[in-house]
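Peer 1: For reference, this is start.txt, and it has compact mmCIF, C-alpha atoms and all ligand atoms.
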```
# COMPACT_ATOMS: atom_id res chain seq x y z
CA MET L 1 42.38 46.99 125.07
CA ALA L 2 45.36 48.86 126.59
CA ARG L 3 45.35 51.03 129.71
CA VAL L 4 46.67 54.44 128.65
CA LEU L 5 47.87 57.22 130.95
CA ILE L 6 47.87 60.56 129.09
CA THR L 7 49.75 63.50 130.59
CA GLY L 8 49.15 67.09 129.51
CA ALA L 9 45.72 65.90 128.35
CA LEU L 10 44.18 69.39 128.29
CA GLY L 11 46.81 70.84 125.94
CA MET L 12 46.17 71.23 122.21
CA LEU L 13 47.62 67.82 121.28
CA GLY L 14 46.68 66.15 124.57
CA GLN L 15 42.96 66.68 123.88
CA ARG L 16 43.21 64.94 120.51
CA MET L 17 45.35 62.10 121.94
CA THR L 18 42.73 61.55 124.64
CA GLU L 19 39.98 61.48 122.01
CA ALA L 20 41.90 59.11 119.69
CA PHE L 21 43.00 56.60 122.36
CA SER L 22 39.59 56.58 124.10
CA VAL L 23 37.88 54.94 121.11
CA ALA L 24 39.43 51.52 121.70
CA HIS L 25 41.39 51.80 124.94
CA GLU L 26 40.92 52.65 128.61
CA VAL L 27 42.29 56.16 129.12
CA LEU L 28 43.23 58.07 132.26
CA ALA L 29 43.52 61.73 131.23
CA THR L 30 45.70 63.87 133.50
CA ALA L 31 46.68 67.55 133.50
CA ARG L 32 48.74 69.80 135.74
CA ASN L 33 45.48 71.16 137.15
CA ALA L 34 42.42 68.93 137.38
CA GLY L 35 39.42 69.86 135.25
CA SER L 36 37.38 68.96 132.14
CA GLY L 37 37.52 65.27 133.04
CA ALA L 38 41.26 65.24 133.71
CA GLN L 39 42.83 64.19 137.00
CA ALA L 40 45.60 66.39 138.47
CA LEU L 41 49.14 65.20 137.71
CA ASP L 42 52.29 67.31 137.48
CA ILE L 43 54.85 65.20 135.58
CA THR L 44 57.68 66.63 137.69
CA ASP L 45 56.08 65.35 140.92
CA GLU L 46 57.71 61.90 141.08
CA ALA L 47 55.76 60.75 144.15
CA ALA L 48 52.41 61.61 142.56
CA LEU L 49 53.54 60.02 139.30
CA ALA L 50 54.61 56.80 141.03
CA GLU L 51 51.31 56.61 142.89
CA CYS L 52 49.29 57.26 139.73
CA VAL L 53 51.18 54.53 137.85
CA ALA L 54 50.87 52.08 140.77
CA VAL L 55 47.11 52.60 140.99
CA PHE L 56 46.20 52.83 137.26
CA LYS L 57 48.82 50.32 136.00
CA PRO L 58 49.09 51.73 132.47
CA ASP L 59 50.34 49.67 129.54
CA TRP L 60 51.22 52.91 127.72
CA ILE L 61 52.08 56.40 128.97
CA VAL L 62 51.53 59.14 126.38
CA ASN L 63 53.33 62.35 127.35
CA CYS L 64 51.82 65.50 125.84
CA ALA L 65 52.82 67.70 128.80
CA ALA L 66 55.48 70.25 127.93
CA TYR L 67 56.60 73.82 128.41
CA THR L 68 55.82 75.18 124.91
CA ALA L 69 56.40 78.96 125.12
CA VAL L 70 59.34 79.07 122.68
CA ASP L 71 60.19 82.77 123.10
CA LYS L 72 59.45 83.05 126.83
CA ALA L 73 61.75 80.06 127.43
CA GLU L 74 64.72 82.32 126.64
CA VAL L 75 64.11 84.01 130.03
CA GLU L 76 62.48 81.03 131.79
CA GLU L 77 65.15 78.39 131.26
CA ALA L 78 64.55 76.64 134.60
CA GLN L 79 60.80 76.27 133.96
CA ALA L 80 61.40 74.99 130.41
CA PHE L 81 63.93 72.37 131.56
CA ARG L 82 61.76 71.44 134.55
CA SER L 83 58.85 70.19 132.41
CA ASN L 84 60.67 69.26 129.21
CA ALA L 85 63.78 67.53 130.57
CA HIS L 86 63.21 66.70 134.27
CA GLY L 87 59.53 65.85 133.65
CA ALA L 88 60.49 63.61 130.73
CA ALA L 89 63.10 61.89 132.93
CA ALA L 90 60.55 61.33 135.70
CA LEU L 91 58.14 59.75 133.21
CA ALA L 92 60.97 57.62 131.82
CA ARG L 93 61.74 56.34 135.34
CA ALA L 94 58.05 55.56 135.91
CA SER L 95 58.01 53.73 132.57
CA ALA L 96 61.18 51.74 133.32
CA ALA L 97 59.95 50.81 136.83
CA SER L 98 56.48 49.72 135.72
CA GLY L 99 57.17 48.25 132.28
CA ALA L 100 54.73 50.69 130.63
CA VAL L 101 55.77 51.88 127.15
CA LEU L 102 56.43 55.64 127.14
CA LEU L 103 55.40 57.61 124.06
CA HIS L 104 57.03 61.02 124.48
CA VAL L 105 56.12 63.87 122.12
CA SER L 106 59.00 65.94 120.76
CA THR L 107 59.67 68.53 118.10
CA ASP L 108 61.31 69.40 114.77
CA PHE L 109 63.11 72.17 116.69
CA VAL L 110 65.72 69.59 117.80
CA PHE L 111 67.22 70.14 114.32
CA SER L 112 69.51 73.08 113.61
CA GLY L 113 67.71 74.16 110.47
CA ALA L 114 70.71 73.90 108.17
CA HIS L 115 69.11 71.33 105.88
CA ALA L 116 68.06 71.19 102.26
CA ALA L 117 65.67 68.22 102.43
CA PRO L 118 63.24 66.87 105.05
CA CYS L 119 65.03 65.29 108.05
CA ASP L 120 64.37 61.65 108.80
CA GLU L 121 64.81 59.96 112.16
CA THR L 122 68.53 59.21 111.57
CA GLN L 123 69.51 62.87 111.10
CA ALA L 124 71.78 64.29 113.83
CA VAL L 125 70.15 66.82 116.14
CA ALA L 126 71.63 70.25 116.98
CA PRO L 127 69.08 72.32 118.87
CA VAL L 128 69.27 76.12 119.00
CA GLY L 129 67.59 78.10 121.79
CA VAL L 130 66.39 77.20 125.27
CA TYR L 131 63.09 75.52 124.32
CA ALA L 132 64.78 73.42 121.62
CA CYS L 133 67.62 72.42 123.99
CA SER L 134 65.15 71.51 126.75
CA LYS L 135 63.18 69.27 124.37
CA GLU L 136 66.35 67.62 123.07
CA ALA L 137 67.47 67.01 126.67
CA GLY L 138 64.08 65.36 127.30
CA GLU L 139 64.61 63.06 124.32
CA ARG L 140 68.02 62.04 125.66
CA GLU L 141 66.57 61.26 129.11
CA VAL L 142 63.83 59.11 127.59
CA ARG L 143 66.34 57.15 125.47
CA ARG L 144 68.72 56.73 128.42
CA ILE L 145 66.19 55.66 131.05
CA ALA L 146 63.17 54.01 129.41
CA PRO L 147 64.01 50.86 127.43
CA GLU L 148 60.47 50.73 126.01
CA HIS L 149 59.88 54.11 124.40
CA VAL L 150 58.66 55.94 121.33
CA ILE L 151 59.84 59.52 120.76
CA LEU L 152 57.22 60.99 118.44
CA ARG L 153 58.40 64.19 116.74
CA VAL L 154 55.80 66.58 115.37
CA ALA L 155 56.15 70.10 113.93
CA TRP L 156 54.20 73.34 113.52
CA LEU L 157 51.13 71.91 115.30
CA PHE L 158 47.66 73.15 114.47
CA GLY L 159 44.23 71.91 115.46
CA PRO L 160 41.19 72.74 117.55
CA GLY L 161 41.38 73.64 121.21
CA GLY L 162 44.72 75.41 121.41
CA LYS L 163 46.71 78.47 120.45
CA ASN L 164 48.20 77.90 117.00
CA PHE L 165 49.48 79.72 113.91
CA VAL L 166 46.48 78.96 111.68
CA ASP L 167 43.84 80.26 114.08
CA THR L 168 45.95 83.33 114.87
CA ILE L 169 46.43 84.12 111.16
CA LEU L 170 42.73 83.72 110.37
CA LYS L 171 41.76 85.92 113.31
CA VAL L 172 44.22 88.65 112.35
CA ALA L 173 43.31 88.39 108.64
CA ARG L 174 39.64 88.98 109.50
CA THR L 175 40.37 92.05 111.61
CA ARG L 176 43.16 93.70 109.59
CA GLY L 177 43.47 94.49 105.91
CA ALA L 178 47.03 93.26 105.53
CA LEU L 179 49.46 90.74 106.99
CA ARG L 180 53.25 90.30 106.96
CA VAL L 181 54.46 86.71 107.31
CA VAL L 182 57.96 85.18 107.37
CA VAL L 183 58.87 83.45 104.09
CA ASP L 184 62.37 82.11 104.85
CA GLN L 185 61.55 79.48 107.49
CA PHE L 186 60.33 76.11 106.22
CA GLY L 187 58.67 73.21 108.01
CA SER L 188 56.06 70.46 107.92
CA PRO L 189 52.76 71.52 109.52
CA THR L 190 51.17 68.80 111.64
CA PHE L 191 47.43 68.48 112.32
CA THR L 192 46.91 67.35 115.91
CA CYS L 193 44.20 64.85 114.88
CA ASP L 194 46.60 63.18 112.42
CA ALA L 195 49.49 63.12 114.93
CA ALA L 196 47.22 61.46 117.50
CA GLN L 197 46.23 58.75 114.98
CA ALA L 198 49.91 58.19 114.15
CA ALA L 199 50.72 57.80 117.87
CA LEU L 200 47.88 55.32 118.29
CA LYS L 201 48.95 53.25 115.28
CA ALA L 202 52.61 53.32 116.38
CA LEU L 203 51.78 51.94 119.83
CA GLU L 204 49.24 49.41 118.55
CA ALA L 205 51.86 48.14 116.06
CA GLY L 206 54.54 47.86 118.78
CA LEU L 207 56.87 50.42 117.17
CA ARG L 208 59.80 51.63 119.30
CA GLY L 209 62.45 54.35 118.92
CA THR L 210 62.28 57.75 117.26
CA VAL L 211 59.37 58.32 114.90
CA HIS L 212 58.50 61.40 112.83
CA ALA L 213 54.77 62.10 112.44
CA ALA L 214 54.25 65.37 110.55
CA ASN L 215 51.82 65.87 107.70
CA ARG L 216 53.52 65.43 104.31
CA GLY L 217 55.02 68.36 102.46
CA VAL L 218 57.14 71.42 103.15
CA VAL L 219 56.01 75.04 103.29
CA SER L 220 57.07 78.43 104.64
CA TRP L 221 55.03 80.28 107.27
CA TYR L 222 54.07 82.64 104.43
CA GLY L 223 52.83 79.81 102.19
CA PHE L 224 50.99 78.28 105.16
CA ALA L 225 49.22 81.60 105.87
CA VAL L 226 48.29 82.13 102.20
CA GLU L 227 46.72 78.66 101.97
CA ALA L 228 44.85 79.06 105.29
CA CYS L 229 43.32 82.37 104.16
CA ARG L 230 42.46 80.96 100.72
CA LEU L 231 40.70 77.97 102.29
CA ALA L 232 38.81 80.25 104.70
CA GLY L 233 37.73 82.50 101.82
CA ILE L 234 39.42 85.56 103.36
CA LYS L 235 40.71 88.14 100.90
CA VAL L 236 43.69 89.80 102.55
CA GLU L 237 46.98 91.19 101.34
CA ILE L 238 49.83 89.01 102.67
CA THR L 239 53.37 90.33 102.31
CA PRO L 240 56.30 87.91 102.52
CA ILE L 241 59.00 89.14 104.91
CA SER L 242 62.33 87.72 106.07
CA THR L 243 63.17 86.48 109.55
CA SER L 244 65.28 89.59 110.09
CA ASP L 245 62.15 91.73 109.55
CA TRP L 246 60.39 89.85 112.37
CA PRO L 247 62.93 89.44 115.19
CA THR L 248 61.94 87.07 118.00
CA PRO L 249 63.72 86.34 121.31
CA ALA L 250 64.29 82.69 120.28
CA GLN L 251 66.07 81.78 117.08
CA ARG L 252 64.09 79.29 114.99
CA PRO L 253 65.41 76.72 112.50
CA GLU L 254 65.38 77.94 108.90
CA TYR L 255 64.47 74.50 107.60
CA SER L 256 63.17 71.75 109.91
CA ALA L 257 60.78 69.83 107.66
CA LEU L 258 60.31 66.19 108.72
CA HIS L 259 60.35 63.00 106.66
CA ASN L 260 58.26 60.26 108.32
CA ARG L 261 60.56 57.49 107.14
CA VAL L 262 59.81 55.08 110.02
CA LEU L 263 56.02 55.35 109.75
CA GLU L 264 56.19 54.95 105.99
CA GLU L 265 58.72 52.10 105.78
CA ARG L 266 57.82 50.13 108.91
CA LEU L 267 54.04 50.63 109.05
CA GLY L 268 53.19 51.61 105.47
CA LEU L 269 51.55 54.66 107.01
CA PHE L 270 51.61 57.77 104.82
CA GLN L 271 50.22 60.86 106.53
CA ARG L 272 48.04 63.03 104.30
CA THR L 273 49.51 66.29 103.00
CA TRP L 274 49.45 69.40 105.17
CA GLN L 275 47.13 71.03 102.62
CA GLU L 276 44.54 68.24 103.00
CA ALA L 277 44.75 68.39 106.79
CA LEU L 278 44.55 72.19 106.79
CA ALA L 279 41.45 72.06 104.58
CA GLU L 280 39.75 69.84 107.16
CA HIS L 281 40.75 72.08 110.05
CA VAL L 282 39.59 75.26 108.31
CA ALA L 283 36.29 73.65 107.21
CA LEU L 284 35.52 72.41 110.73
CA HIS L 285 37.10 75.07 112.92
CA GLY L 286 38.01 78.00 110.65
CA ASP L 287 35.31 80.14 112.21
CA ALA L 288 36.86 79.92 115.69
CA ARG L 289 37.51 83.48 116.85
N1 LIG P 301 52.71 73.63 119.36
C1 LIG P 301 53.58 73.32 118.41
O1 LIG P 301 53.64 73.97 117.34
C2 LIG P 301 54.51 72.16 118.58
C3 LIG P 301 55.43 71.87 117.55
C4 LIG P 301 56.27 70.77 117.70
C5 LIG P 301 56.20 69.98 118.83
N2 LIG P 301 55.33 70.29 119.84
C6 LIG P 301 55.29 69.43 121.03
O2 LIG P 301 54.00 68.83 121.07
C7 LIG P 301 53.63 68.61 122.43
C8 LIG P 301 52.25 69.18 122.68
O3 LIG P 301 52.26 70.56 122.38
P1 LIG P 301 50.94 71.44 122.48
O4 LIG P 301 51.02 72.46 121.39
O5 LIG P 301 49.75 70.58 122.60
O6 LIG P 301 51.22 72.20 123.84
P2 LIG P 301 50.23 72.96 124.83
O7 LIG P 301 48.91 73.21 124.19
O8 LIG P 301 51.02 74.08 125.39
O9 LIG P 301 50.00 71.87 125.95
C9 LIG P 301 51.01 71.47 126.83
C10 LIG P 301 50.34 71.09 128.13
O10 LIG P 301 51.35 70.61 129.01
C11 LIG P 301 51.01 71.05 130.30
N3 LIG P 301 52.17 71.00 131.19
C12 LIG P 301 53.30 71.75 131.14
N4 LIG P 301 54.13 71.39 132.15
C13 LIG P 301 53.48 70.40 132.83
C14 LIG P 301 53.81 69.62 133.97
N5 LIG P 301 54.97 69.80 134.63
N6 LIG P 301 52.94 68.67 134.40
C15 LIG P 301 51.76 68.48 133.74
N7 LIG P 301 51.38 69.21 132.67
C16 LIG P 301 52.24 70.15 132.23
C17 LIG P 301 50.50 72.46 130.10
O11 LIG P 301 49.73 72.82 131.21
P3 LIG P 301 49.70 74.33 131.76
O12 LIG P 301 48.68 75.00 130.89
O13 LIG P 301 49.31 74.15 133.17
O14 LIG P 301 51.09 74.89 131.58
C18 LIG P 301 49.67 72.29 128.83
O15 LIG P 301 48.32 71.94 129.11
C19 LIG P 301 54.76 69.18 123.27
O16 LIG P 301 55.66 68.17 123.60
C20 LIG P 301 55.45 70.16 122.33
O17 LIG P 301 56.79 70.37 122.68
C21 LIG P 301 54.47 71.36 119.73
```
Any chance you could put this one into structure tokens?

Peer 2:
Amino acid sequence: MARVLITGALGMLGQRMTEAFSVAHEVLATARNAGSGAQALDITDEAALAECVAVFKPDWIVNCAAYTAVDKAEVEEAQAFRSNAHGAAALARASAASGAVLLHVSTDFVFSGAHAAPCDETQAVAPVGVYACSKEAGEREVRRIAPEHVILRVAWLFGPGGKNFVDTILKVARTRGALRVVVDQFGSPTFTCDAAQAALKALEAGLRGTVHAANRGVVSWYGFAVEACRLAGIKVEITPISTSDWPTPAQRPEYSALHNRVLEERLGLFQRTWQEALAEHVALHGDAR
């Protein structure tokens, strides 16, 4: 049984990580603000972090804390870098000082989007936009400072207990007769429950380095929306539109699908397809308003 410190435990992924690791390990769940069983811990507060690590003595630190407002980051650069780069560096120092393995969650947005096939862990990164740059800076800090680390990249997260594309689409589809969804951005949706299992298996197997953990397959936001509505039994007209028809403050990669080469080749772990994972989410949580 390992002692596991989880940061950002009340976020969408953090909740599922806490659930997954608690089955067989001793978990200390922490969040910026205490509540719902989580102890207060701001990852940028190095003194509090050092004290927490000294008292709890974790074997593994699982970092799910992050600034995740992709568009707002364009005007909140300091806040984005504070959590995503400085916070990651602080956790890396705590990991290096204590010997705890740091599993740091990152994103497909570290890739530029100029790809024609899913990116594996060896692909060069070239982030675009403040959020993407802050996450990539966090990855670099973790690699530089923490000898014992896993950088777990996920993409297009969906799952219970958080704001995500699927739940937003289903809510809007139920209240409006028609939807317009971007068809020229492609990625690999990731179910939070499956990402948490992949993180658990990676740490239990002693994996280190950069690891992709998306669900299998590639789809556009449009295709993702069509399948979510079909699975939820919602009849709604969905019109495919281009990125230029839906301008956002932050530029997003056109193609940032992930290939989980390390999980597949080193652990023999093949994540289920995004369609299978989406079917489970919609069946269990598709009624969430
Ligand atoms: N959502 C996606 O589609 C997606 C895609 C790819 C990768 N990721 C990555 O996956 C991870 C989890 O994302 P998520 O969707 O679960 O995010 P989320 O729901 O926004 O949760 C992030 C949590 O981190 C907390 N946090 C932020 N700064 C903190 C700090 N300095 N100290 C402690 N806690 C802090 C936030 O707390 P507050 O509420 O107090 O701010 C929030 O509870 C992140 O690393 C993200 O970059 C997400």

Peer 1: Using all atoms listed in the file, can you tell me which of L:Leu49, L:Ala34, L:Ala65, L:Ala9 comes closest to ligand LIG 301 (chain P)?

Peer 2: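 Among L:Leu49, L:Ala34, L:Ala65, L:Ala9, it is L:Ala65 that comes nearest to ligand LIG 301 (chain P).
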
Peer 1: Point out the residue among L:Arg252, L:His149, L:Arg143, L:Arg3 with the least atom-to-atom distance to ligand LIG 301 (chain P), counting all atoms listed in the file.

Peer 2: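 Of the candidates, the smallest distance to ligand LIG 301 (chain P) is held by L:Arg252.
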
Peer 1: Nearest to ligand LIG 301 (chain P): which of L:Thr30, L:Gln197, L:Ser83, L:Ser244 is it, counting only C-alpha atoms and all ligand atoms?

Peer 2: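 For ligand LIG 301 (chain P), the nearest of the given residues is L:Ser83.
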
Peer 1: Within 9 Å of ligand LIG 301 (chain P), counting all atoms listed in the file: which residues, as a PyMOL selection string?

Peer 2: chain L and resi 7-16+30-33+40-45+63-69+79-80+82-84+86-87+104-109+131-132+135+152-158+161-165+189-190+192

Peer 1: What gap, in Å, lies between atom CA of Gly223 of chain L and atom CA of Val183 of chain L?

Peer 2: 7.3 Å

Peer 1: Of the candidates L:Ile238, L:Val211, L:Ala90, L:Ile145, which one gets nearest to Glu265 of chain L if we count all atoms listed in the file?

Peer 2: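 Of L:Ile238, L:Val211, L:Ala90, L:Ile145, the one nearest Glu265 of chain L, counting all atoms listed in the file, is L:Val211.
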
Peer 1: Can you tell me, as a PyMOL selection string, what residues are no more than 12 Å from Leu170 of chain L when counting only C-alpha atoms, ignoring any on the same chain fewer than 6 positions away?

Peer 2: chain L and resi 164+176-179+224-236+238+281-282+285-289

Peer 1: Selection from above, C-alpha atoms, as a PDB file, in the frame of the given file, can you write it?

Peer 2:
```
ATOM      1  CA  ASN L 164      48.200  77.900 117.000  1.00  0.00           C
ATOM      2  CA  ARG L 176      43.160  93.700 109.590  1.00  0.00           C
ATOM      3  CA  GLY L 177      43.470  94.490 105.910  1.00  0.00           C
ATOM      4  CA  ALA L 178      47.030  93.260 105.530  1.00  0.00           C
ATOM      5  CA  LEU L 179      49.460  90.740 106.990  1.00  0.00           C
ATOM      6  CA  PHE L 224      50.990  78.280 105.160  1.00  0.00           C
ATOM      7  CA  ALA L 225      49.220  81.600 105.870  1.00  0.00           C
ATOM      8  CA  VAL L 226      48.290  82.130 102.200  1.00  0.00           C
ATOM      9  CA  GLU L 227      46.720  78.660 101.970  1.00  0.00           C
ATOM     10  CA  ALA L 228      44.850  79.060 105.290  1.00  0.00           C
ATOM     11  CA  CYS L 229      43.320  82.370 104.160  1.00  0.00           C
ATOM     12  CA  ARG L 230      42.460  80.960 100.720  1.00  0.00           C
ATOM     13  CA  LEU L 231      40.700  77.970 102.290  1.00  0.00           C
ATOM     14  CA  ALA L 232      38.810  80.250 104.700  1.00  0.00           C
ATOM     15  CA  GLY L 233      37.730  82.500 101.820  1.00  0.00           C
ATOM     16  CA  ILE L 234      39.420  85.560 103.360  1.00  0.00           C
ATOM     17  CA  LYS L 235      40.710  88.140 100.900  1.00  0.00           C
ATOM     18  CA  VAL L 236      43.690  89.800 102.550  1.00  0.00           C
ATOM     19  CA  ILE L 238      49.830  89.010 102.670  1.00  0.00           C
ATOM     20  CA  HIS L 281      40.750  72.080 110.050  1.00  0.00           C
ATOM     21  CA  VAL L 282      39.590  75.260 108.310  1.00  0.00           C
ATOM     22  CA  HIS L 285      37.100  75.070 112.920  1.00  0.00           C
ATOM     23  CA  GLY L 286      38.010  78.000 110.650  1.00  0.00           C
ATOM     24  CA  ASP L 287      35.310  80.140 112.210  1.00  0.00           C
ATOM     25  CA  ALA L 288      36.860  79.920 115.690  1.00  0.00           C
ATOM     26  CA  ARG L 289      37.510  83.480 116.850  1.00  0.00           C
TER      27      ARG L 289
END
```

Peer 1: Work out how far apart atom CA of Trp221 of chain L and atom CA of Pro160 of chain L are and give it in Å to one decimal.

Peer 2: 18.8 Å

Peer 1: Within 12 Å of Gly206 of chain L, counting all atoms listed in the file, which residues qualify if same-chain residues fewer than 5 places away don't, as an MDAnalysis selection string?

Peer 2: chainID L and resid 59:60 101:103 148:150 199:201 263 266:267

Peer 1: One decimal, Å: what's the distance from atom CA of Gly159 of chain L over to atom CA of Phe191 of chain L, could you say?

Peer 2: 5.6 Å

Peer 1: Could you put an axis-aligned box around every listed atom of segment 267-285 of chain L, padded by 6 Å on each side, and send me its centre and edge lengths in Å to one decimal, as JSON?

Peer 2:
```
{"center_x": 44.8, "center_y": 62.9, "center_z": 107.8, "size_x": 30.5, "size_y": 36.6, "size_z": 22.3}
```

Peer 1: So, with all atoms listed in the file as the atoms that count, which of L:Gly187, L:Pro58, L:Gly268, L:Gly129 lies closest to Glu74 of chain L?

Peer 2: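 Ranked by minimum distance to Glu74 of chain L, first place goes to L:Gly129.
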
Peer 1: Pick out the closest residue to Asp184 of chain L from this set: L:Ile241, L:Ala114, L:Ala213, L:Leu278. Count all atoms listed in the file.

Peer 2: L:Ile241

Peer 1: Can you tell me, as a list in words, what residues are no more than 9 Å from His115 of chain L when counting all atoms listed in the file, ignoring any on the same chain fewer than 5 positions away?

Peer 2: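 Close residues of His115 of chain L: Glu254, Tyr255, Ser256 and Ala257 of chain L.
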
Peer 1: Find the residues around Val23 of chain L up to 12 Å (all atoms listed in the file counted), leave out those fewer than 3 positions away in its own chain, and share them as a list in words.

Peer 2: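 Near Val23 of chain L, the qualifying residues are Met1, Ala2, Val4, Arg16, Met17, Thr18, Glu19, Ala20, Glu26, Val27, Ala196, Gln197 and Leu200 of chain L.
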
Peer 1: Using only C-alpha atoms, please write the residues we just selected to a file, as a CSV table (one decimal), in the frame of the given file.

Peer 2:
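Everything below was put into out_11.csv:
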```
chain,number,residue,atom,x,y,z
L,1,MET,CA,42.4,47.0,125.1
L,2,ALA,CA,45.4,48.9,126.6
L,4,VAL,CA,46.7,54.4,128.6
L,16,ARG,CA,43.2,64.9,120.5
L,17,MET,CA,45.4,62.1,121.9
L,18,THR,CA,42.7,61.6,124.6
L,19,GLU,CA,40.0,61.5,122.0
L,20,ALA,CA,41.9,59.1,119.7
L,26,GLU,CA,40.9,52.6,128.6
L,27,VAL,CA,42.3,56.2,129.1
L,196,ALA,CA,47.2,61.5,117.5
L,197,GLN,CA,46.2,58.8,115.0
L,200,LEU,CA,47.9,55.3,118.3
```

Peer 1: If you count only C-alpha atoms, which residues fall within 7 Å of Leu258 of chain L, apart from same-chain ones fewer than 2 positions away, as a PyMOL selection string?

Peer 2: chain L and resi 108+118-120+188+212+214+256+260

Peer 1: Write a file of the just-selected residues containing C-alpha atoms, as a PDB file, in the frame of the given file.

Peer 2:
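Final output, saved to out.pdb:
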```
ATOM      1  CA  ASP L 108      61.310  69.400 114.770  1.00  0.00           C
ATOM      2  CA  PRO L 118      63.240  66.870 105.050  1.00  0.00           C
ATOM      3  CA  CYS L 119      65.030  65.290 108.050  1.00  0.00           C
ATOM      4  CA  ASP L 120      64.370  61.650 108.800  1.00  0.00           C
ATOM      5  CA  SER L 188      56.060  70.460 107.920  1.00  0.00           C
ATOM      6  CA  HIS L 212      58.500  61.400 112.830  1.00  0.00           C
ATOM      7  CA  ALA L 214      54.250  65.370 110.550  1.00  0.00           C
ATOM      8  CA  SER L 256      63.170  71.750 109.910  1.00  0.00           C
ATOM      9  CA  ASN L 260      58.260  60.260 108.320  1.00  0.00           C
TER      10      ASN L 260
END
```

Peer 1: Using the block above, I'd like segment 233-264 of chain L written out, keeping C-alpha atoms and formatting it as a short mmCIF file (atom, residue, chain, number, x, y, z; two decimals), in the first residue's frame.

Peer 2:
```cif
data_model
loop_
_atom_site.label_atom_id
_atom_site.label_comp_id
_atom_site.auth_asym_id
_atom_site.auth_seq_id
_atom_site.Cartn_x
_atom_site.Cartn_y
_atom_site.Cartn_z
CA GLY L 233 -31.25 9.84 -27.39
CA ILE L 234 -31.51 13.57 -28.11
CA LYS L 235 -32.75 14.50 -31.58
CA VAL L 236 -31.16 17.82 -32.44
CA GLU L 237 -29.88 19.42 -35.61
CA ILE L 238 -26.07 19.78 -35.38
CA THR L 239 -24.35 21.92 -37.99
CA PRO L 240 -20.61 21.50 -38.60
CA ILE L 241 -18.78 24.83 -38.60
CA SER L 242 -15.14 25.83 -39.01
CA THR L 243 -12.87 27.31 -36.34
CA SER L 244 -13.10 30.67 -38.09
CA ASP L 245 -16.89 30.62 -37.55
CA TRP L 246 -16.34 30.23 -33.78
CA PRO L 247 -13.50 32.59 -32.83
CA THR L 248 -12.07 32.15 -29.32
CA PRO L 249 -9.48 34.25 -27.47
CA ALA L 250 -7.04 31.30 -27.35
CA GLN L 251 -5.94 29.50 -30.49
CA ARG L 252 -6.38 25.73 -30.22
CA PRO L 253 -4.43 22.99 -31.99
CA GLU L 254 -6.10 21.75 -35.18
CA TYR L 255 -4.95 18.20 -34.55
CA SER L 256 -3.64 17.06 -31.15
CA ALA L 257 -4.78 13.45 -30.97
CA LEU L 258 -2.62 11.29 -28.69
CA HIS L 259 -1.11 7.85 -29.25
CA ASN L 260 -0.56 6.03 -25.92
CA ARG L 261 2.58 4.29 -27.15
CA VAL L 262 4.23 3.96 -23.71
CA LEU L 263 1.18 2.48 -21.97
CA GLU L 264 0.63 0.08 -24.85
#
```
